[in-house]
file final-v3.cif (mmCIF, C-alpha atoms and all ligand atoms; chains and numbers go by the auth columns)
data_target
loop_
_atom_site.group_PDB
_atom_site.id
_atom_site.type_symbol
_atom_site.label_atom_id
_atom_site.label_comp_id
_atom_site.label_asym_id
_atom_site.label_seq_id
_atom_site.Cartn_x
_atom_site.Cartn_y
_atom_site.Cartn_z
_atom_site.B_iso_or_equiv
_atom_site.auth_seq_id
_atom_site.auth_asym_id
ATOM 1 C CA MET A 1 -139.323 236.783 43.012 0.00 1 E
ATOM 2 C CA GLN A 2 -139.710 240.397 44.084 0.00 2 E
ATOM 3 C CA VAL A 3 -136.400 242.190 43.787 0.00 3 E
ATOM 4 C CA TYR A 4 -135.432 245.813 44.406 0.00 4 E
ATOM 5 C CA ILE A 5 -132.687 247.269 42.220 0.00 5 E
ATOM 6 C CA GLY A 6 -130.814 250.506 42.966 0.00 6 E
ATOM 7 C CA LEU A 7 -129.704 252.645 40.025 0.00 7 E
ATOM 8 C CA GLY A 8 -127.146 255.453 40.060 0.00 8 E
ATOM 9 C CA SER A 9 -125.398 257.545 37.401 0.00 9 E
ATOM 10 C CA ASN A 10 -123.311 260.706 37.324 0.00 10 E
ATOM 11 C CA LEU A 11 -121.788 260.674 33.824 0.00 11 E
ATOM 12 C CA ALA A 12 -122.925 261.044 30.217 0.00 12 E
ATOM 13 C CA GLU A 13 -126.465 262.365 30.742 0.00 13 E
ATOM 14 C CA PRO A 14 -127.441 260.552 33.933 0.00 14 E
ATOM 15 C CA VAL A 15 -131.225 260.779 33.443 0.00 15 E
ATOM 16 C CA LYS A 16 -130.915 259.030 30.068 0.00 16 E
ATOM 17 C CA GLN A 17 -128.566 256.422 31.555 0.00 17 E
ATOM 18 C CA ILE A 18 -131.118 255.599 34.263 0.00 18 E
ATOM 19 C CA ASN A 19 -133.989 255.354 31.765 0.00 19 E
ATOM 20 C CA TRP A 20 -131.951 253.172 29.377 0.00 20 E
ATOM 21 C CA ALA A 21 -131.043 250.860 32.234 0.00 21 E
ATOM 22 C CA ILE A 22 -134.703 250.506 33.261 0.00 22 E
ATOM 23 C CA ASP A 23 -135.595 249.594 29.661 0.00 23 E
ATOM 24 C CA ALA A 24 -132.705 247.109 29.618 0.00 24 E
ATOM 25 C CA LEU A 25 -133.943 245.469 32.854 0.00 25 E
ATOM 26 C CA ASN A 26 -137.225 244.783 31.075 0.00 26 E
ATOM 27 C CA THR A 27 -135.347 242.901 28.328 0.00 27 E
ATOM 28 C CA LEU A 28 -133.646 240.461 30.745 0.00 28 E
ATOM 29 C CA ALA A 29 -134.990 236.909 30.496 0.00 29 E
ATOM 30 C CA ASP A 30 -138.007 236.146 32.694 0.00 30 E
ATOM 31 C CA THR A 31 -137.883 239.638 34.193 0.00 31 E
ATOM 32 C CA ALA A 32 -140.301 242.573 34.249 0.00 32 E
ATOM 33 C CA VAL A 33 -140.143 245.994 35.880 0.00 33 E
ATOM 34 C CA ILE A 34 -143.181 246.385 38.160 0.00 34 E
ATOM 35 C CA LYS A 35 -142.633 249.757 39.865 0.00 35 E
ATOM 36 C CA GLN A 36 -140.249 252.617 39.465 0.00 36 E
ATOM 37 C CA SER A 37 -139.442 255.428 41.891 0.00 37 E
ATOM 38 C CA SER A 38 -139.075 259.084 41.046 0.00 38 E
ATOM 39 C CA LEU A 39 -135.619 260.259 40.014 0.00 39 E
ATOM 40 C CA TYR A 40 -133.575 261.890 42.770 0.00 40 E
ATOM 41 C CA SER A 41 -130.464 264.051 42.664 0.00 41 E
ATOM 42 C CA SER A 42 -127.834 263.502 45.357 0.00 42 E
ATOM 43 C CA PRO A 43 -124.368 264.802 46.163 0.00 43 E
ATOM 44 C CA PRO A 44 -121.655 262.159 45.771 0.00 44 E
ATOM 45 C CA MET A 45 -120.871 259.838 48.624 0.00 45 E
ATOM 46 C CA GLY A 46 -117.112 259.364 48.305 0.00 46 E
ATOM 47 C CA PRO A 47 -114.740 261.725 46.488 0.00 47 E
ATOM 48 C CA GLN A 48 -116.402 265.148 46.272 0.00 48 E
ATOM 49 C CA ASP A 49 -114.733 266.197 43.008 0.00 49 E
ATOM 50 C CA GLN A 50 -117.276 264.370 40.876 0.00 50 E
ATOM 51 C CA PRO A 51 -120.725 265.390 39.601 0.00 51 E
ATOM 52 C CA ASP A 52 -123.918 264.891 41.600 0.00 52 E
ATOM 53 C CA TYR A 53 -125.699 261.597 41.018 0.00 53 E
ATOM 54 C CA VAL A 54 -129.115 260.750 39.700 0.00 54 E
ATOM 55 C CA ASN A 55 -130.572 257.864 41.711 0.00 55 E
ATOM 56 C CA ALA A 56 -133.685 255.713 41.526 0.00 56 E
ATOM 57 C CA VAL A 57 -134.977 252.357 42.736 0.00 57 E
ATOM 58 C CA VAL A 58 -137.135 249.903 40.792 0.00 58 E
ATOM 59 C CA LEU A 59 -139.049 246.795 41.774 0.00 59 E
ATOM 60 C CA ILE A 60 -138.728 243.897 39.345 0.00 60 E
ATOM 61 C CA ASP A 61 -140.346 240.507 39.189 0.00 61 E
ATOM 62 C CA THR A 62 -137.799 237.917 38.052 0.00 62 E
ATOM 63 C CA GLU A 63 -137.274 234.187 37.768 0.00 63 E
ATOM 64 C CA LEU A 64 -133.483 234.652 37.551 0.00 64 E
ATOM 65 C CA SER A 65 -131.448 233.459 40.530 0.00 65 E
ATOM 66 C CA PRO A 66 -129.524 236.155 42.438 0.00 66 E
ATOM 67 C CA HIS A 67 -126.240 235.334 40.704 0.00 67 E
ATOM 68 C CA LEU A 68 -127.754 235.111 37.207 0.00 68 E
ATOM 69 C CA LEU A 69 -129.495 238.421 37.842 0.00 69 E
ATOM 70 C CA LEU A 70 -126.153 239.909 38.898 0.00 70 E
ATOM 71 C CA ASP A 71 -124.650 238.653 35.602 0.00 71 E
ATOM 72 C CA GLY A 72 -127.486 240.418 33.774 0.00 72 E
ATOM 73 C CA LEU A 73 -126.956 243.685 35.663 0.00 73 E
ATOM 74 C CA GLN A 74 -123.218 243.616 34.969 0.00 74 E
ATOM 75 C CA ALA A 75 -123.917 243.011 31.255 0.00 75 E
ATOM 76 C CA ILE A 76 -126.162 246.104 31.198 0.00 76 E
ATOM 77 C CA GLU A 77 -123.453 248.133 32.962 0.00 77 E
ATOM 78 C CA GLN A 78 -120.966 247.020 30.296 0.00 78 E
ATOM 79 C CA GLN A 79 -123.390 247.861 27.460 0.00 79 E
ATOM 80 C CA GLN A 80 -123.725 251.372 28.876 0.00 80 E
ATOM 81 C CA GLY A 81 -119.961 251.805 28.849 0.00 81 E
ATOM 82 C CA ARG A 82 -119.169 251.525 32.508 0.00 82 E
ATOM 83 C CA VAL A 83 -115.457 251.806 33.151 0.00 83 E
ATOM 84 C CA ARG A 84 -113.850 251.592 36.563 0.00 84 E
ATOM 85 C CA LYS A 85 -111.886 254.803 37.039 0.00 85 E
ATOM 86 C CA ARG A 86 -111.285 254.892 40.778 0.00 86 E
ATOM 87 C CA HIS A 87 -112.767 253.519 43.987 0.00 87 E
ATOM 88 C CA TRP A 88 -116.081 255.259 44.737 0.00 88 E
ATOM 89 C CA GLY A 89 -115.592 257.320 41.593 0.00 89 E
ATOM 90 C CA GLU A 90 -117.886 258.521 38.838 0.00 90 E
ATOM 91 C CA ARG A 91 -119.768 256.045 36.658 0.00 91 E
ATOM 92 C CA THR A 92 -122.159 255.992 33.686 0.00 92 E
ATOM 93 C CA ILE A 93 -124.385 253.469 35.439 0.00 93 E
ATOM 94 C CA ASP A 94 -124.345 251.432 38.608 0.00 94 E
ATOM 95 C CA LEU A 95 -126.943 248.702 39.166 0.00 95 E
ATOM 96 C CA ASP A 96 -127.142 247.041 42.572 0.00 96 E
ATOM 97 C CA ILE A 97 -129.407 244.285 43.811 0.00 97 E
ATOM 98 C CA LEU A 98 -130.675 245.821 47.051 0.00 98 E
ATOM 99 C CA ILE A 99 -133.147 243.184 48.249 0.00 99 E
ATOM 100 C CA TYR A 100 -133.936 239.793 46.719 0.00 100 E
ATOM 101 C CA ASP A 101 -137.135 238.524 48.279 0.00 101 E
ATOM 102 C CA ASP A 102 -136.244 237.134 51.734 0.00 102 E
ATOM 103 C CA VAL A 103 -132.818 235.953 50.621 0.00 103 E
ATOM 104 C CA VAL A 104 -129.711 236.494 52.720 0.00 104 E
ATOM 105 C CA ILE A 105 -126.382 235.922 50.942 0.00 105 E
ATOM 106 C CA ASP A 106 -122.818 236.792 51.898 0.00 106 E
ATOM 107 C CA ASP A 107 -120.330 235.488 49.372 0.00 107 E
ATOM 108 C CA GLN A 108 -117.461 236.792 47.245 0.00 108 E
ATOM 109 C CA ARG A 109 -119.720 238.347 44.597 0.00 109 E
ATOM 110 C CA LEU A 110 -122.892 239.219 46.384 0.00 110 E
ATOM 111 C CA GLN A 111 -124.157 240.450 49.714 0.00 111 E
ATOM 112 C CA LEU A 112 -127.916 240.510 50.220 0.00 112 E
ATOM 113 C CA PRO A 113 -129.559 242.590 51.456 0.00 113 E
ATOM 114 C CA HIS A 114 -127.100 245.180 50.125 0.00 114 E
ATOM 115 C CA PRO A 115 -124.955 246.334 53.080 0.00 115 E
ATOM 116 C CA GLY A 116 -125.144 250.010 52.005 0.00 116 E
ATOM 117 C CA ILE A 117 -128.922 250.378 52.255 0.00 117 E
ATOM 118 C CA ALA A 118 -129.147 251.664 55.828 0.00 118 E
ATOM 119 C CA ASP A 119 -126.673 254.549 55.547 0.00 119 E
ATOM 120 C CA ARG A 120 -127.427 255.787 52.016 0.00 120 E
ATOM 121 C CA SER A 121 -130.308 258.226 51.726 0.00 121 E
ATOM 122 C CA PHE A 122 -130.032 258.005 47.912 0.00 122 E
ATOM 123 C CA VAL A 123 -131.042 254.336 48.240 0.00 123 E
ATOM 124 C CA LEU A 124 -133.413 254.503 51.226 0.00 124 E
ATOM 125 C CA TYR A 125 -135.571 257.436 50.137 0.00 125 E
ATOM 126 C CA PRO A 126 -136.471 256.140 46.657 0.00 126 E
ATOM 127 C CA LEU A 127 -136.903 252.646 48.128 0.00 127 E
ATOM 128 C CA ALA A 128 -139.308 253.998 50.768 0.00 128 E
ATOM 129 C CA GLU A 129 -141.257 255.773 48.007 0.00 129 E
ATOM 130 C CA ILE A 130 -142.125 252.490 46.264 0.00 130 E
ATOM 131 C CA ALA A 131 -142.007 250.148 49.297 0.00 131 E
ATOM 132 C CA PRO A 132 -143.231 252.221 52.267 0.00 132 E
ATOM 133 C CA ASP A 133 -144.134 249.135 54.340 0.00 133 E
ATOM 134 C CA ILE A 134 -141.241 246.818 53.566 0.00 134 E
ATOM 135 C CA ASP A 135 -139.606 244.840 56.341 0.00 135 E
ATOM 136 C CA ILE A 136 -136.078 244.143 55.099 0.00 136 E
ATOM 137 C CA PRO A 137 -134.285 240.933 56.133 0.00 137 E
ATOM 138 C CA ILE A 138 -131.636 241.695 58.806 0.00 138 E
ATOM 139 C CA LEU A 139 -132.184 245.492 58.553 0.00 139 E
ATOM 140 C CA GLY A 140 -135.827 245.701 59.636 0.00 140 E
ATOM 141 C CA ASP A 141 -138.640 248.185 59.064 0.00 141 E
ATOM 142 C CA ILE A 142 -137.951 250.802 56.404 0.00 142 E
ATOM 143 C CA ARG A 143 -139.633 253.591 58.397 0.00 143 E
ATOM 144 C CA GLN A 144 -137.096 253.112 61.182 0.00 144 E
ATOM 145 C CA LEU A 145 -134.224 253.112 58.696 0.00 145 E
ATOM 146 C CA VAL A 146 -135.438 256.350 57.075 0.00 146 E
ATOM 147 C CA GLU A 147 -135.797 257.983 60.502 0.00 147 E
ATOM 148 C CA ASN A 148 -132.174 257.158 61.280 0.00 148 E
ATOM 149 C CA CYS A 149 -130.763 258.321 57.940 0.00 149 E
ATOM 150 C CA PRO A 150 -130.521 262.083 57.319 0.00 150 E
ATOM 151 C CA PRO A 151 -131.357 263.194 53.750 0.00 151 E
ATOM 152 C CA ALA A 152 -127.749 264.381 53.116 0.00 152 E
ATOM 153 C CA GLY A 153 -128.693 266.718 50.294 0.00 153 E
ATOM 154 C CA ILE A 154 -130.901 264.369 48.283 0.00 154 E
ATOM 155 C CA HIS A 155 -133.742 266.038 46.402 0.00 155 E
ATOM 156 C CA LEU A 156 -136.531 265.099 44.049 0.00 156 E
ATOM 157 C CA LEU A 157 -135.573 265.629 40.407 0.00 157 E
ATOM 158 C CA GLU A 158 -138.400 264.103 38.336 0.00 158 E
ATOM 159 C CA LYS A 159 -141.483 263.048 40.176 0.00 159 E
ATOM 160 C CA ASN A 160 -143.005 259.798 39.043 0.00 160 E
HETATM 161 N N1 LIG B . -123.160 258.690 45.703 0.00 201 Q
HETATM 162 C C1 LIG B . -124.409 259.001 45.338 0.00 201 Q
HETATM 163 N N2 LIG B . -124.927 260.164 45.739 0.00 201 Q
HETATM 164 N N3 LIG B . -125.175 258.158 44.585 0.00 201 Q
HETATM 165 C C2 LIG B . -124.685 256.971 44.159 0.00 201 Q
HETATM 166 O O1 LIG B . -125.412 256.224 43.462 0.00 201 Q
HETATM 167 C C3 LIG B . -123.387 256.602 44.522 0.00 201 Q
HETATM 168 N N4 LIG B . -122.852 255.412 44.150 0.00 201 Q
HETATM 169 C C4 LIG B . -121.647 255.028 44.536 0.00 201 Q
HETATM 170 C C5 LIG B . -120.765 255.903 45.381 0.00 201 Q
HETATM 171 C C6 LIG B . -119.470 256.157 44.627 0.00 201 Q
HETATM 172 C C7 LIG B . -120.474 255.183 46.694 0.00 201 Q
HETATM 173 N N5 LIG B . -121.362 257.184 45.686 0.00 201 Q
HETATM 174 C C8 LIG B . -122.630 257.505 45.306 0.00 201 Q
HETATM 175 O O2 LIG B . -121.222 253.826 44.198 0.00 201 Q
#
call {"tool": "encode", "arguments": {"input": "final-v3.cif", "output": "structure tokens", "more": "lines below"}}
Ligand code: ROI
result
Amino acid sequence: MQVYIGLGSNLAEPVKQINWAIDALNTLADTAVIKQSSLYSSPPMGPQDQPDYVNAVVLIDTELSPHLLLDGLQAIEQQQGRVRKRHWGERTIDLDILIYDDVVIDDQRLQLPHPGIADRSFVLYPLAEIAPDIDIPILGDIRQLVENCPPAGIHLLEKN
């Protein structure tokens, strides 16, 4: 299955956190990273008294089901020392399943496609970089989504 994963970090050397997490994704069972976006810097959405984020999106190919993949992502977050400090607060690493093939899910643990995609430039812009033609279930054509989502301070950090 083709799956897009969003990565974000704003603690403990964010660029390293993102790169470690991408390496860790490659070690998940039956999973390989196929494409990776540039790294972007973005001001925090949520409380403003936290550092800017580094964000990226990767495309993986995986045989894991959505919920087993989520287990794997949460294990990587734990390995990288993620602790929940406050709602929408700072974190060493955040890994979100953005899009899982054509799957639509809305349950206690998982909503797919990720409900935050359309109004988060730090997700949409890196996603559009590696999937410029994607038609997202429920949300539609990525070009339209990008047009309707102002950049909100995001900028390119390390071009890929
Ligand atoms: N803000 C930015 N800029 N990038 C993120 O990855 C991010 N992640 C979050 C919240 C706290 C909503 N804000 C963010 O989870």
call {"tool": "atom_distance", "arguments": {"input": "final-v3.cif", "atom1": "atom CA of Val33 of chain E", "atom2": "atom C3 of ligand LIG 201 (chain Q)"}}
result
21.6 Å
call {"tool": "atom_distance", "arguments": {"input": "final-v3.cif", "atom1": "atom CA of Tyr100 of chain E", "atom2": "atom CA of Leu64 of chain E"}}
result
10.5 Å
call {"tool": "atom_distance", "arguments": {"input": "final-v3.cif", "atom1": "atom CA of Arg84 of chain E", "atom2": "atom CA of Pro150 of chain E"}}
result
28.6 Å
call {"tool": "residues_near_point", "arguments": {"input": "final-v3.cif", "point": "(-128.5, 248.0, 56.5)", "cutoff": "9 Å", "atoms": "all atoms listed in the file", "output": "PyMOL selection string"}}
result
chain E and resi 113-119+136+138-140+145
call {"tool": "resolve_selection", "arguments": {"input": "final-v3.cif", "expression": "the PyMOL selection byres (((chain E and resi 39) around 9) and not hetatm)", "output": "list in words"}}
result
Val15, Ile18, Gln36, Ser37, Ser38, Tyr40, Ser41, Val54, Asn55, Ala56, Val57, Pro126, His155, Leu156, Leu157, Glu158, Lys159 and Asn160 of chain E
call {"tool": "build_atoms", "arguments": {"input": "final-v3.cif", "residues": "segment 31-42 of chain E", "atoms": "N, CA, C and O atoms", "output": "CSV table (one decimal), in the coordinates of the input"}}
result
chain,number,residue,atom,x,y,z
E,31,THR,N,-138.0,238.5,33.3
E,31,THR,CA,-137.9,239.6,34.2
E,31,THR,C,-138.8,240.8,33.7
E,31,THR,O,-138.8,241.0,32.5
E,32,ALA,N,-139.5,241.4,34.6
E,32,ALA,CA,-140.3,242.6,34.2
E,32,ALA,C,-140.2,243.6,35.3
E,32,ALA,O,-140.2,243.3,36.5
E,33,VAL,N,-140.1,244.9,34.9
E,33,VAL,CA,-140.1,246.0,35.9
E,33,VAL,C,-141.6,246.2,36.3
E,33,VAL,O,-142.5,246.4,35.5
E,34,ILE,N,-141.8,246.3,37.6
E,34,ILE,CA,-143.2,246.4,38.2
E,34,ILE,C,-143.5,247.8,38.7
E,34,ILE,O,-144.6,248.3,38.5
E,35,LYS,N,-142.5,248.4,39.3
E,35,LYS,CA,-142.6,249.8,39.9
E,35,LYS,C,-141.3,250.5,39.7
E,35,LYS,O,-140.2,249.9,39.7
E,36,GLN,N,-141.5,251.8,39.5
E,36,GLN,CA,-140.2,252.6,39.5
E,36,GLN,C,-140.4,253.9,40.3
E,36,GLN,O,-141.5,254.5,40.2
E,37,SER,N,-139.4,254.2,41.0
E,37,SER,CA,-139.4,255.4,41.9
E,37,SER,C,-139.3,256.7,41.0
E,37,SER,O,-138.9,256.6,39.9
E,38,SER,N,-139.5,257.8,41.6
E,38,SER,CA,-139.1,259.1,41.0
E,38,SER,C,-137.6,259.1,40.9
E,38,SER,O,-136.9,258.2,41.4
E,39,LEU,N,-137.1,260.1,40.1
E,39,LEU,CA,-135.6,260.3,40.0
E,39,LEU,C,-135.2,261.3,41.1
E,39,LEU,O,-135.9,262.3,41.3
E,40,TYR,N,-134.1,261.0,41.7
E,40,TYR,CA,-133.6,261.9,42.8
E,40,TYR,C,-132.2,262.4,42.4
E,40,TYR,O,-131.4,261.6,41.7
E,41,SER,N,-131.8,263.6,42.8
E,41,SER,CA,-130.5,264.1,42.7
E,41,SER,C,-129.8,264.0,44.0
E,41,SER,O,-130.4,264.3,45.0
E,42,SER,N,-128.5,263.6,44.1
E,42,SER,CA,-127.8,263.5,45.4
E,42,SER,C,-126.4,263.8,45.2
E,42,SER,O,-125.7,263.4,44.2
